[in-house]
Structure formats: C-alpha cells, structure tokens
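J.: File follows, input39.txt with compact mmCIF, C-alpha atoms and all ligand atoms:
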# COMPACT_ATOMS: atom_id res chain seq x y z
CA MET A 3 38.59 81.51 20.18
CA PHE A 4 39.78 84.99 19.27
CA GLU A 5 41.88 86.02 16.36
CA ASN A 6 45.45 86.82 17.43
CA GLY A 7 46.55 88.43 14.17
CA SER A 8 44.71 91.71 14.45
CA ARG A 9 45.66 92.19 18.09
CA GLN A 10 49.30 91.67 17.20
CA THR A 11 48.86 94.53 14.74
CA VAL A 12 47.28 96.68 17.47
CA ALA A 13 50.30 96.01 19.72
CA VAL A 14 52.65 97.13 16.98
CA THR A 15 50.73 100.10 15.59
CA ASN A 16 48.53 101.72 18.23
CA GLY A 17 49.52 105.40 18.32
CA ILE A 18 52.15 105.09 15.57
CA ALA A 19 52.45 108.15 13.28
CA THR A 20 49.79 110.15 15.10
CA ASP A 21 51.98 113.04 16.29
CA PRO A 22 50.30 116.26 15.10
CA ALA A 23 53.32 118.47 15.83
CA PHE A 24 56.10 116.89 13.71
CA GLY A 25 54.72 113.64 12.35
CA ALA A 26 56.95 111.58 14.64
CA VAL A 27 56.39 107.91 13.84
CA THR A 28 57.08 106.81 17.41
CA PRO A 29 54.62 108.54 19.76
CA PRO A 30 56.53 111.13 21.79
CA VAL A 31 56.91 110.75 25.54
CA TYR A 32 55.30 113.56 27.54
CA LEU A 33 57.31 113.81 30.74
CA SER A 34 55.76 117.08 31.88
CA SER A 35 54.13 116.92 35.30
CA THR A 36 51.78 119.78 34.42
CA PHE A 37 50.10 121.32 31.36
CA ALA A 38 49.44 124.98 30.62
CA PHE A 39 45.84 126.21 30.70
CA GLU A 40 44.73 127.83 27.48
CA GLY A 41 43.33 130.68 29.55
CA PHE A 42 41.54 131.39 32.80
CA GLN A 43 39.20 128.44 33.58
CA GLN A 44 40.21 126.90 30.26
CA ALA A 45 41.92 123.62 31.05
CA ARG A 46 43.09 121.52 28.13
CA ARG A 47 42.49 117.79 27.87
CA TYR A 48 45.42 117.28 30.24
CA ASP A 49 46.16 119.41 33.28
CA TYR A 50 48.28 117.37 35.71
CA THR A 51 50.13 114.09 35.20
CA ARG A 52 48.94 112.37 38.38
CA THR A 53 45.41 112.67 36.99
CA ALA A 54 46.17 111.85 33.36
CA ASN A 55 49.09 111.91 30.94
CA PRO A 56 49.18 111.34 27.16
CA SER A 57 51.99 108.75 27.27
CA ARG A 58 50.31 106.78 30.05
CA ASP A 59 46.94 107.06 28.31
CA LEU A 60 48.37 105.59 25.11
CA LEU A 61 49.67 102.57 27.01
CA ALA A 62 46.31 102.22 28.79
CA ASP A 63 44.44 102.42 25.48
CA THR A 64 46.70 99.76 23.93
CA LEU A 65 46.27 97.43 26.91
CA ALA A 66 42.49 97.89 26.88
CA LYS A 67 42.39 97.03 23.17
CA LEU A 68 44.59 93.96 23.63
CA GLU A 69 42.52 92.64 26.54
CA GLY A 70 39.18 93.59 24.98
CA GLY A 71 38.28 95.90 27.89
CA ALA A 72 36.41 99.19 28.19
CA GLY A 73 39.57 100.88 29.48
CA ALA A 74 42.66 100.47 31.62
CA VAL A 75 44.34 102.22 34.50
CA VAL A 76 48.15 102.15 34.46
CA VAL A 77 49.82 102.22 37.87
CA SER A 78 53.28 102.02 39.39
CA SER A 79 53.55 98.23 39.94
CA GLY A 80 51.63 94.97 39.76
CA MET A 81 51.05 95.20 43.51
CA ALA A 82 49.64 98.72 43.08
CA ALA A 83 47.25 97.30 40.46
CA ILE A 84 45.97 94.63 42.85
CA ASP A 85 45.75 97.17 45.66
CA LEU A 86 43.76 99.54 43.46
CA LEU A 87 41.09 96.86 43.18
CA LEU A 88 41.23 95.98 46.87
CA ALA A 89 40.83 99.64 47.80
CA GLN A 90 37.29 99.51 46.35
CA LEU A 91 36.17 97.03 49.04
CA ASN A 92 34.32 97.67 52.28
CA ARG A 93 34.98 96.37 55.78
CA THR A 94 32.31 93.68 55.53
CA ASP A 95 33.38 92.44 52.08
CA LEU A 96 35.03 89.07 51.52
CA VAL A 97 37.82 88.37 49.01
CA VAL A 98 38.38 84.81 47.82
CA ALA A 99 41.95 84.29 46.62
CA PRO A 100 44.05 81.31 45.47
CA HIS A 101 45.98 79.52 48.23
CA ASP A 102 49.06 79.38 46.00
CA CYS A 103 49.02 82.93 44.65
CA TYR A 104 52.09 85.12 44.23
CA ALA A 105 53.45 85.68 47.73
CA GLY A 106 53.30 89.46 47.40
CA THR A 107 49.57 89.20 46.71
CA TYR A 108 49.17 86.89 49.69
CA ARG A 109 51.07 89.34 51.90
CA LEU A 110 49.01 92.30 50.70
CA LEU A 111 45.69 90.51 51.23
CA ASN A 112 46.71 89.48 54.75
CA ALA A 113 48.04 92.93 55.63
CA ARG A 114 44.80 94.65 54.62
CA HIS A 115 42.77 91.92 56.30
CA GLU A 116 44.70 92.42 59.57
CA ARG A 117 43.81 96.11 59.35
CA GLN A 118 40.18 95.01 59.09
CA GLN A 119 39.72 96.51 55.64
CA PHE A 120 38.00 93.33 54.41
CA ASP A 121 37.87 89.60 55.08
CA VAL A 122 39.93 87.14 53.05
CA LEU A 123 39.68 83.43 52.33
CA PHE A 124 42.43 81.46 50.56
CA VAL A 125 41.24 78.37 48.71
CA ASP A 126 42.51 75.86 46.19
CA GLN A 127 40.55 77.22 43.22
CA THR A 128 41.18 74.11 41.17
CA ASP A 129 39.18 72.16 43.77
CA GLU A 130 35.50 72.65 42.88
CA LYS A 131 34.23 71.70 46.33
CA SER A 132 36.28 74.20 48.34
CA LEU A 133 35.53 76.85 45.75
CA SER A 134 31.77 76.38 45.96
CA VAL A 135 31.92 76.46 49.79
CA ALA A 136 33.82 79.75 49.50
CA LEU A 137 31.30 81.19 47.01
CA GLU A 138 28.43 80.34 49.35
CA ARG A 139 29.82 83.06 51.59
CA ARG A 140 28.96 85.53 48.81
CA PRO A 141 32.34 87.24 48.35
CA ALA A 142 32.54 90.71 46.81
CA LEU A 143 35.67 89.82 44.83
CA VAL A 144 37.21 86.60 43.57
CA LEU A 145 40.86 86.89 42.64
CA VAL A 146 42.36 84.34 40.26
CA GLU A 147 45.89 83.69 39.09
CA THR A 148 46.02 81.31 36.16
CA PRO A 149 48.46 79.76 35.56
CA SER A 150 49.47 80.26 39.18
CA ASN A 151 52.86 81.30 40.44
CA PRO A 152 54.95 79.11 40.83
CA LEU A 153 53.08 75.80 40.37
CA MET A 154 51.30 76.65 37.15
CA ARG A 155 47.91 75.45 38.38
CA VAL A 156 45.19 76.26 35.86
CA THR A 157 41.78 77.58 36.91
CA ASP A 158 38.75 77.34 34.62
CA VAL A 159 37.99 81.05 34.24
CA ARG A 160 34.77 80.59 32.26
CA ALA A 161 33.25 78.27 34.87
CA LEU A 162 34.43 80.42 37.76
CA ALA A 163 33.06 83.59 36.13
CA ALA A 164 29.62 81.97 35.86
CA HIS A 165 29.70 80.84 39.50
CA ALA A 166 31.01 84.20 40.70
CA ARG A 167 28.21 86.00 38.88
CA VAL A 168 25.58 83.85 40.60
CA ALA A 169 27.27 84.54 43.94
CA GLY A 170 27.22 88.29 43.23
CA ALA A 171 31.02 88.55 43.13
CA LYS A 172 33.26 90.42 40.71
CA LEU A 173 36.00 88.32 39.15
CA ALA A 174 39.55 89.61 38.70
CA VAL A 175 42.17 87.55 36.85
CA ASP A 176 45.89 88.18 37.19
CA ASN A 177 47.02 87.61 33.59
CA THR A 178 50.69 88.35 34.26
CA PHE A 179 51.96 84.85 33.39
CA LEU A 180 50.42 84.70 29.92
CA SER A 181 49.68 88.25 28.79
CA PRO A 182 46.80 89.06 26.41
CA ALA A 183 48.81 87.42 23.62
CA LEU A 184 47.87 84.02 25.09
CA GLN A 185 44.80 84.57 27.27
CA MET A 186 41.96 87.10 27.36
CA PRO A 187 40.13 86.67 30.68
CA LEU A 188 37.50 89.35 29.91
CA THR A 189 36.29 87.28 26.96
CA LEU A 190 35.94 84.35 29.39
CA GLY A 191 33.65 86.38 31.66
CA ALA A 192 36.02 88.14 34.07
CA ASP A 193 35.27 91.70 35.19
CA PHE A 194 38.89 92.78 35.63
CA VAL A 195 42.31 91.80 34.36
CA ILE A 196 45.36 92.61 36.45
CA HIS A 197 48.91 92.85 35.13
CA SER A 198 52.34 93.25 36.51
CA THR A 199 53.49 95.01 33.32
CA THR A 200 56.98 94.49 34.76
CA LYS A 201 56.85 91.03 33.19
CA TYR A 202 55.91 90.00 29.61
CA LEU A 203 54.21 93.25 28.61
CA ASN A 204 57.35 95.31 29.04
CA GLY A 205 59.48 92.23 28.50
CA HIS A 206 62.94 93.72 29.04
CA SER A 207 63.30 93.71 32.84
CA ASP A 208 63.85 97.47 33.02
CA VAL A 209 60.49 98.81 34.27
CA VAL A 210 58.30 98.05 37.29
CA GLY A 211 54.67 98.75 36.48
CA GLY A 212 51.12 97.49 36.65
CA ALA A 213 47.66 97.88 35.15
CA VAL A 214 44.04 97.02 35.74
CA ILE A 215 41.81 96.57 32.70
CA ALA A 216 38.05 96.61 33.33
CA ALA A 217 35.22 95.18 31.28
CA ASN A 218 32.89 98.10 31.90
CA GLN A 219 33.29 101.84 31.70
CA THR A 220 31.91 102.59 35.17
CA ASP A 221 34.59 100.42 36.76
CA VAL A 222 37.27 102.07 34.62
CA ALA A 223 36.11 105.53 35.76
CA ASN A 224 36.04 104.49 39.44
CA LEU A 225 39.50 102.96 39.29
CA ALA A 226 40.97 105.92 37.39
CA ASN A 227 39.47 108.29 39.93
CA TRP A 228 40.91 106.28 42.81
CA ALA A 229 44.35 106.11 41.16
CA ASN A 230 44.28 109.91 41.01
CA VAL A 231 43.01 110.24 44.61
CA THR A 232 45.76 108.01 45.99
CA GLY A 233 48.48 108.99 43.50
CA VAL A 234 49.47 105.50 42.35
CA ALA A 235 49.53 106.30 38.63
CA GLY A 236 52.50 105.04 36.63
CA ALA A 237 55.27 107.41 35.47
CA PRO A 238 55.14 108.62 31.82
CA PHE A 239 58.64 107.38 30.97
CA ASP A 240 57.78 103.94 32.35
CA ALA A 241 54.64 103.97 30.18
CA TYR A 242 56.74 104.90 27.15
CA LEU A 243 59.21 102.06 27.78
CA THR A 244 56.44 99.57 28.46
CA LEU A 245 54.70 100.48 25.22
CA ARG A 246 58.01 100.08 23.40
CA GLY A 247 58.33 96.58 24.88
CA LEU A 248 54.71 95.79 24.10
CA ARG A 249 55.31 96.34 20.37
CA THR A 250 57.10 92.97 20.21
CA LEU A 251 54.97 91.07 22.75
CA PHE A 252 53.41 88.58 20.34
CA PRO A 253 56.56 87.33 18.56
CA ARG A 254 58.52 87.39 21.83
CA ILE A 255 56.13 85.22 23.78
CA GLU A 256 55.59 82.93 20.80
CA ALA A 257 59.31 82.17 20.57
CA GLN A 258 59.73 81.94 24.33
CA GLN A 259 56.91 79.46 24.79
CA ARG A 260 58.26 77.26 21.98
CA THR A 261 61.54 76.95 23.86
CA ALA A 262 59.78 76.51 27.22
CA ALA A 263 57.72 73.61 25.85
CA ALA A 264 60.88 71.93 24.52
CA LEU A 265 62.71 72.38 27.83
CA ALA A 266 59.69 71.04 29.77
CA ARG A 267 59.76 67.87 27.67
CA ARG A 268 63.51 67.45 28.10
CA LEU A 269 63.33 68.08 31.86
CA ARG A 270 60.56 65.51 32.25
CA GLN A 271 62.88 62.80 30.98
CA HIS A 272 65.74 63.67 33.32
CA PRO A 273 66.37 61.25 36.20
CA ARG A 274 67.15 64.14 38.61
CA VAL A 275 63.71 65.71 38.02
CA ARG A 276 60.82 64.48 40.16
CA ALA A 277 58.07 66.50 38.48
CA VAL A 278 57.66 69.19 35.83
CA TYR A 279 54.88 71.76 36.11
CA TYR A 280 54.03 73.07 32.65
CA PRO A 281 50.42 73.25 31.39
CA GLY A 282 51.58 72.36 27.89
CA LEU A 283 52.43 68.82 28.99
CA GLU A 284 49.50 66.46 28.46
CA SER A 285 50.18 64.99 31.88
CA HIS A 286 49.55 68.38 33.56
CA PRO A 287 46.19 68.28 35.41
CA GLY A 288 45.19 71.65 33.93
CA HIS A 289 46.20 70.81 30.34
CA ALA A 290 42.68 70.47 28.91
CA ILE A 291 41.42 73.68 30.54
CA ALA A 292 44.55 75.54 29.46
CA LYS A 293 44.01 74.33 25.91
CA ALA A 294 40.42 75.55 25.97
CA GLN A 295 40.99 79.00 27.44
CA GLN A 296 44.51 79.91 26.29
CA THR A 297 46.02 80.22 22.83
CA GLY A 298 49.40 79.04 24.09
CA PHE A 299 50.89 77.49 27.21
CA GLY A 300 53.33 80.27 28.01
CA ALA A 301 57.01 80.39 28.80
CA MET A 302 56.96 79.78 32.56
CA LEU A 303 57.54 76.38 34.10
CA SER A 304 58.75 74.90 37.35
CA PHE A 305 60.20 71.58 38.35
CA ASP A 306 61.08 69.62 41.46
CA LEU A 307 64.65 68.47 41.71
CA VAL A 308 65.44 65.05 43.17
CA GLY A 309 67.58 65.81 46.21
CA ASP A 310 67.72 68.42 48.95
CA VAL A 311 68.41 72.14 49.30
CA GLY A 312 72.14 71.44 48.99
CA ASP A 313 71.47 69.97 45.55
CA VAL A 314 69.42 73.01 44.62
CA ARG A 315 72.36 75.22 45.57
CA ARG A 316 74.83 73.13 43.54
CA PHE A 317 72.49 73.06 40.55
CA VAL A 318 71.90 76.79 40.56
CA ASP A 319 75.58 77.62 41.15
CA ALA A 320 76.57 75.63 38.06
CA LEU A 321 74.30 77.61 35.71
CA LYS A 322 75.74 80.32 33.48
CA LEU A 323 72.85 81.33 31.20
CA PHE A 324 69.94 81.13 33.63
CA THR A 325 70.42 84.02 36.03
CA LEU A 326 69.32 83.45 39.61
CA ALA A 327 66.86 86.30 40.04
CA GLU A 328 63.27 87.08 40.93
CA SER A 329 60.80 88.35 38.33
CA LEU A 330 60.00 86.83 34.95
CA GLY A 331 58.88 87.54 31.43
CA GLY A 332 62.03 89.25 30.14
CA VAL A 333 64.02 88.33 27.05
CA GLU A 334 66.69 86.76 29.27
CA SER A 335 66.16 83.44 31.05
CA LEU A 336 65.89 83.50 34.82
CA ILE A 337 65.75 80.83 37.48
CA ALA A 338 64.21 81.32 40.91
CA HIS A 339 64.00 79.21 44.04
CA PRO A 340 60.51 80.11 45.32
CA ALA A 341 61.07 78.82 48.88
CA THR A 342 63.95 81.25 49.52
CA MET A 343 63.08 83.97 47.02
CA THR A 344 59.65 84.87 45.60
CA HIS A 345 57.69 82.92 48.23
CA SER A 346 60.01 83.28 51.23
CA CYS A 347 57.57 85.62 53.00
CA LEU A 348 55.15 82.69 53.36
CA SER A 349 55.58 80.46 56.41
CA PRO A 350 56.91 76.92 55.73
CA GLU A 351 53.44 75.63 56.65
CA VAL A 352 51.66 77.89 54.14
CA ARG A 353 54.19 76.87 51.47
CA ARG A 354 53.63 73.20 52.30
CA ILE A 355 49.85 73.58 51.96
CA ALA A 356 50.34 75.39 48.63
CA GLY A 357 52.61 72.55 47.43
CA ILE A 358 55.76 74.67 47.15
CA SER A 359 58.61 72.34 48.14
CA ASP A 360 62.16 73.33 49.10
CA THR A 361 63.46 71.69 45.92
CA LEU A 362 61.12 73.50 43.54
CA LEU A 363 62.78 75.67 40.90
CA ARG A 364 60.98 78.09 38.60
CA LEU A 365 62.18 78.98 35.13
CA SER A 366 61.31 82.04 33.11
CA VAL A 367 62.40 81.00 29.64
CA GLY A 368 63.80 83.79 27.50
CA LEU A 369 64.81 84.22 23.88
CA GLU A 370 68.15 82.40 23.94
CA ALA A 371 68.64 79.36 21.70
CA GLU A 372 66.98 76.22 23.08
CA ASP A 373 70.12 74.09 22.80
CA ASP A 374 72.17 76.65 24.73
CA LEU A 375 69.59 76.72 27.52
CA TRP A 376 69.44 72.95 27.64
CA ALA A 377 73.25 72.78 27.72
CA ASP A 378 73.15 75.15 30.69
CA LEU A 379 70.60 73.03 32.59
CA SER A 380 72.61 69.91 31.74
CA GLN A 381 75.63 71.62 33.26
CA GLY A 382 73.58 72.04 36.46
CA PHE A 383 72.62 68.36 36.49
CA ARG A 384 76.22 67.30 35.84
CA GLY A 385 77.24 69.24 38.96
CA LEU A 386 74.87 67.02 40.98
CA ALA A 387 76.01 63.81 39.35
CA GLU A 388 79.67 64.56 40.09
CA ILE A 389 78.92 65.12 43.78
CA ASP A 390 76.90 61.88 43.86
CA ASP A 391 79.77 59.99 42.21
CA GLN A 392 82.17 61.17 44.90
CA SER A 393 79.92 60.15 47.78
N1 LIG A 401 51.19 89.17 40.04
C1 LIG A 401 52.04 88.16 39.72
C2 LIG A 401 51.48 86.89 39.16
C3 LIG A 401 53.41 88.29 39.92
O1 LIG A 401 54.23 87.28 39.60
C4 LIG A 401 53.90 89.52 40.45
C5 LIG A 401 55.35 89.72 40.68
O2 LIG A 401 56.17 88.83 40.53
C6 LIG A 401 53.00 90.53 40.78
C7 LIG A 401 51.65 90.31 40.56
C8 LIG A 401 53.47 91.83 41.37
O3 LIG A 401 54.01 92.64 40.38
P1 LIG A 401 55.08 93.80 40.65
O4 LIG A 401 56.36 93.14 41.06
O5 LIG A 401 55.14 94.53 39.35
O6 LIG A 401 54.53 94.65 41.76
Output the file's structure as structure tokens, nothing else.
T.:
Amino acid sequence: MFENGSRQTVAVTNGIATDPAFGAVTPPVYLSSTFAFEGFQQARRYDYTRTANPSRDLLADTLAKLEGGAGAVVVSSGMAAIDLLLAQLNRTDLVVAPHDCYAGTYRLLNARHERQQFDVLFVDQTDEKSLSVALERRPALVLVETPSNPLMRVTDVRALAAHARVAGAKLAVDNTFLSPALQMPLTLGADFVIHSTTKYLNGHSDVVGGAVIAANQTDVANLANWANVTGVAGAPFDAYLTLRGLRTLFPRIEAQQRTAAALARRLRQHPRVRAVYYPGLESHPGHAIAKAQQTGFGAMLSFDLVGDVGDVRRFVDALKLFTLAESLGGVESLIAHPATMTHSCLSPEVRRIAGISDTLLRLSVGLEAEDDLWADLSQGFRGLAEIDDQS
C-alpha cells in the first residue's frame, strides 16, 4: 500500500509560494487567453491558453503527482475526459465498458458507436466469465468504474490490468468516486485514470471539470495534443478553483467517509431498507477487493427502499438536509434517485439488467454532523410510517 501522508502534503503545498513576481503564497490565476512573444519568432513557454496555461498546468501537475502518473490533461468536464480517450480509437477498435457505468458514459459510448467510430461491449466486470469472453475479442480499451455508479460494485483493478495487458488492451479507470486520496489505479496497473473533477477533487459543487492522468509520457503528449486540436481544455479559473478545493481533499474525504460508513450501518438496520450498497460493509460482495485496493471505502452509498416510487417521493420530500440533486462529492450531502435522474437516459430494460431499481436512492455524504444527517433520514422514514399507519 502507498503512503497517504506525503501525498496529502502535495495536495496542500504544490505550487505554494512559488510566485516569482511578488512572492504570492497562493499561486496566481492566469486568465489571459494569450501571451506576448518576447520578440519575433521568440515564443515564451506559454503562447495561447487553449494549448497550455500556467494555472491549468499547475492543477495537472498536482493531479499527476497525486495519482502517480507521468502527467495529466485537464479538460472541461468528466465527459470531455472520457471522450478525449475515446477519440484516440479507430473504427475497428473495441471498447469494453461496465454494464452499470455512469449513464452519461453509457450514452457517450453508444453515441460514438452508432457513428461507427468504434465498437463497444458492455459487460458485468465483476463477473470473471463474461469479462474473459470480452477480453478474448482483444479490445483496444477497457474502461472501468470502481466503485461503480450507483451500485458501488467493486472491480479488481490489479487482476483486470494483468488480463487487459495479455489481451493487448489499455486500461482506463474512472476514479471519480474515490479520488486519489483513497485509490491509485495507476499503481494497480492501469494505463489511465479518468476524473470528473466536478466531484471530490473540487469538492464544493461550483466547477464542472475533468482530467485524464496517464502512466506514460507518450500517452500524456498524445492526449495533450488532442485536447489542443479539439479545444476541450479546461478554463484557467476553473483550474484555480479546483486546485483550491483539492488543497483540502484528504481531510474532507476522510471525514465524509467516516460519516458515510456510520450511516450505511444505521440504514442496514432499518426495516424500510431492503439493501444497502456500501463497500465498507463486510456483507458487500466487493468488500475484500475494496479493502485490498483502496485505502478507504469512500463517502458514496446507495440503498433500496422497501416500497414503491410513491414511497420514494414521500421519503425524499420529507428530507431537509439531503438536497435532491444530481452530482456528488461536495461538502454538502445530496440524494439522487438514479432511475429518474442520473440514469434516466437508460431504458428501463438496461437499468433492470444493471440492477438499478425504481426504489434505489443514492447518497453523497457531505461534511454535516452524522447525527443531523441521520435525523434527516429518520424524518424521511417517519413520513413513510405515517402513511402506512393511515392505510
Ligand atoms: N464519471 C462518473 C463516475 C460520474 O459520476 C460522472 C458524473 O456524474 C462523470 C464521469 C461525468 O462527469 P462530468 O459531469 O464532470 O462531465
């Protein structure tokens, strides 16, 4: 396992007190779209912000250090990060992706597939048999989301990396749900890490951004070149804000996961909860793998309510602290109903196959006090009980 302490220090200090102009402790934000040449044919290190920008580069450098990569490319959203990787594929290439991945990823893969830009195969990556059948087709890229959104399925990255290598495939892991504070896929053998920096890395729900971190320098250069060619690079101010959020990543996620684990245990005991999906519970099928490849279980969980969609509505309406909203990873707690929100673009059949029921609720646990959050959930359950009593 890796040492978290020094990376926490990197998150806090990278770029601090390096300003040559005035000694600013906080690295300045360079909003300029363009940079003056020193003279004819004498470009400086930076010439145009689409190509490169000091504020964006500092965020990329910090992310690369935290993930243990050769470099990173910072783009305008998590979807842009995934698309940057997909844009490297050829018409005859195959992508193997999880059958229960984030619905936006599913939609993007299908959209590009329909345009015949590559072939795609969705499989349950926790099922060894279907995975090995998929790898026999020698994919160019295997995409992994672990833990997956919203069911928190855990994929063994080390084992998959070894199999992917034999099959000649590159392995990309979407590390959005854990962040490098809790999981470092490149150290487990992945070639790429993808982030929606919108989530834990920024952590304050006020920026949409993404990044790809690559294990080797050639891949970094190719991706950076392509980000410049297509113009998907992230904005400097977004990079500045994301780096500001990143400074507190380690203590934030540590506190959030402590509360999430406590809520998962309390939810499991509640009679109106059919199942809790949280890898930190020993009963979770991915618990042992999560323990081996993560340094924490994260602050995301989902659970199935006993009842129907009407009960889901009553439960959610009764909440005051958990805000009904998409996204995750901020300091404030959110609740989402995947079937009608994050995963509504999937057909009911695709959701059924992925195991996403109409009574599934997903929690992004924030930094509020545990007892206050539990009181809020209890308020939701009381709403259901009262209705039941009247019927
Ligand atoms: N990957 C995962 C696991 C996500 O949950 C999301 C968004 O929720 C994305 C990628 C896409 O990120 P963005 O919304 O920043 O484009």
J.: Find the residues around Met343 (chain A) up to 9 Å (all atoms listed in the file counted), leave out those fewer than 4 positions away in its own chain, and share them as a ChimeraX atom specification.
T.: /A:327-328,338-339,347
J.: Could you list, as a ChimeraX atom specification, every residue within 10 Å of region 250-258 of chain A, counting only C-alpha atoms and ignoring same-chain residues fewer than 2 positions away?
T.: /A:6-7,9-11,13-14,180-184,202-205,245-248,260-263,298-302,331-335,366-372
J.: Once you count all atoms listed in the file, which residues end up within 10 Å of ligand LIG 401 (chain A), and could you hand them over as a ChimeraX atom specification?
T.: /A:77-85,103-107,146-152,175-180,196-201,209-213,328-331,344-345
J.: Find the residues near Val275 (chain A): any atom within 9 Å, counting all atoms listed in the file, skip ones fewer than 2 places away on the same chain, and give them as a PyMOL selection string.
T.: chain A and resi 269-273+277-278+305-308
J.: Could you jot down the CA of Lys293 (chain A) to CA of Asp158 (chain A) separation for me, Å, one decimal place?
T.: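 According to the coordinates, CA of Lys293 (chain A) and CA of Asp158 (chain A) are separated by 10.6 Å.
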J.: Which is closer to Glu138 (chain A) than all the others in A:Gln185, A:Tyr279, A:His165, A:Pro30, using only C-alpha atoms?
T.: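 The shortest atom-to-atom distance to Glu138 (chain A) comes from A:His165.
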J.: Please compute the CA of Ala264 (chain A)-CA of His286 (chain A) distance, one decimal, in Å.
T.: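 Taking CA of Ala264 (chain A) and CA of His286 (chain A), their separation equals 14.9 Å.
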J.: Using only C-alpha atoms for the distances, tell me which of A:Ala237, A:Ala26, A:Ala266, A:Val144 is nearest to Ala164 (chain A).
T.: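 Nearest to Ala164 (chain A): A:Val144.
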J.: Between CA of Arg316 (chain A) and CA of Gly382 (chain A), what is the distance, to one decimal in Å?
T.: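 Calculated distance between CA of Arg316 (chain A) and CA of Gly382 (chain A) is 7.3 Å.
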J.: At a cut-off of 8 Å from (50.0, 82.4, 51.6) in the coordinates of the file, what residues are picked up using all atoms listed in the file, written as a list of chain:residue names?
T.: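 Selection result: A:His101, A:Asp102, A:Cys103, A:Ala105, A:Tyr108, A:Arg109, A:Phe124, A:Leu348, A:Ser349, A:Val352, A:Arg353, A:Ala356.
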J.: Let's have the selection written as a PDB file, keeping the file's coordinate frame, with C-alpha atoms.
T.:
ATOM      1  CA  HIS A 101      45.980  79.520  48.230  1.00  0.00           C
ATOM      2  CA  ASP A 102      49.060  79.380  46.000  1.00  0.00           C
ATOM      3  CA  CYS A 103      49.020  82.930  44.650  1.00  0.00           C
ATOM      4  CA  ALA A 105      53.450  85.680  47.730  1.00  0.00           C
ATOM      5  CA  TYR A 108      49.170  86.890  49.690  1.00  0.00           C
ATOM      6  CA  ARG A 109      51.070  89.340  51.900  1.00  0.00           C
ATOM      7  CA  PHE A 124      42.430  81.460  50.560  1.00  0.00           C
ATOM      8  CA  LEU A 348      55.150  82.690  53.360  1.00  0.00           C
ATOM      9  CA  SER A 349      55.580  80.460  56.410  1.00  0.00           C
ATOM     10  CA  VAL A 352      51.660  77.890  54.140  1.00  0.00           C
ATOM     11  CA  ARG A 353      54.190  76.870  51.470  1.00  0.00           C
ATOM     12  CA  ALA A 356      50.340  75.390  48.630  1.00  0.00           C
TER      13      ALA A 356
END
J.: Using all atoms listed in the file, which protein or nucleic acid residues come within 9 Å of Arg139 (chain A)? Drop anything in the same chain fewer than 5 positions from it, and give the result as a list in words.
T.: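 Counting only the stated atoms, we get Leu96, Ser134 and Ala169 of chain A.
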J.: Let me see the file: selected residues, C-alpha atoms, as a PDB file, in the frame of the given file.
T.:
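Once written, result03.pdb looks like this:
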ATOM      1  CA  LEU A  96      35.030  89.070  51.520  1.00  0.00           C
ATOM      2  CA  SER A 134      31.770  76.380  45.960  1.00  0.00           C
ATOM      3  CA  ALA A 169      27.270  84.540  43.940  1.00  0.00           C
TER       4      ALA A 169
END
J.: Could you pull the residues within 12 Å of region 140-143 of chain A, counting only C-alpha atoms, minus those fewer than 4 positions along the same chain, as a ChimeraX atom specification?
T.: /A:84,87-100,111,120-124,133-136,162-163,165-175,192-194
J.: Let me make sure I understand: among A:Leu110, A:Ala54, A:Leu61, A:Ile18, which one has the smallest atom-to-atom distance to Val231 (chain A) if we use only C-alpha atoms?
T.: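 Comparing A:Leu110, A:Ala54, A:Leu61, A:Ile18 against Val231 (chain A), the winner is A:Ala54.
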J.: Between A:Phe324, A:Tyr280, A:Tyr242, A:Phe24, which is the closest to Ala62 (chain A) once you count all atoms listed in the file?
T.: A:Tyr242
J.: From the options A:Leu65, A:Asp240, A:Asn16, A:Leu145, which residue's atoms come nearest to Leu33 (chain A), counting only C-alpha atoms?
T.: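 That would be A:Asp240, the residue with the smallest distance to Leu33 (chain A).
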J.: When you count all atoms listed in the file, which of these residues is closest to Tyr50 (chain A): A:Gly25, A:Gly288, A:Gly233, A:Gly357?
T.: A:Gly233
J.: Please check which residues have atoms at most 6 Å from (59.6, 77.0, 38.5) in the file's coordinates, counting all atoms listed in the file, and write them as an NGL selection string.
T.: :A and (152 or 303-305 or 363-365)
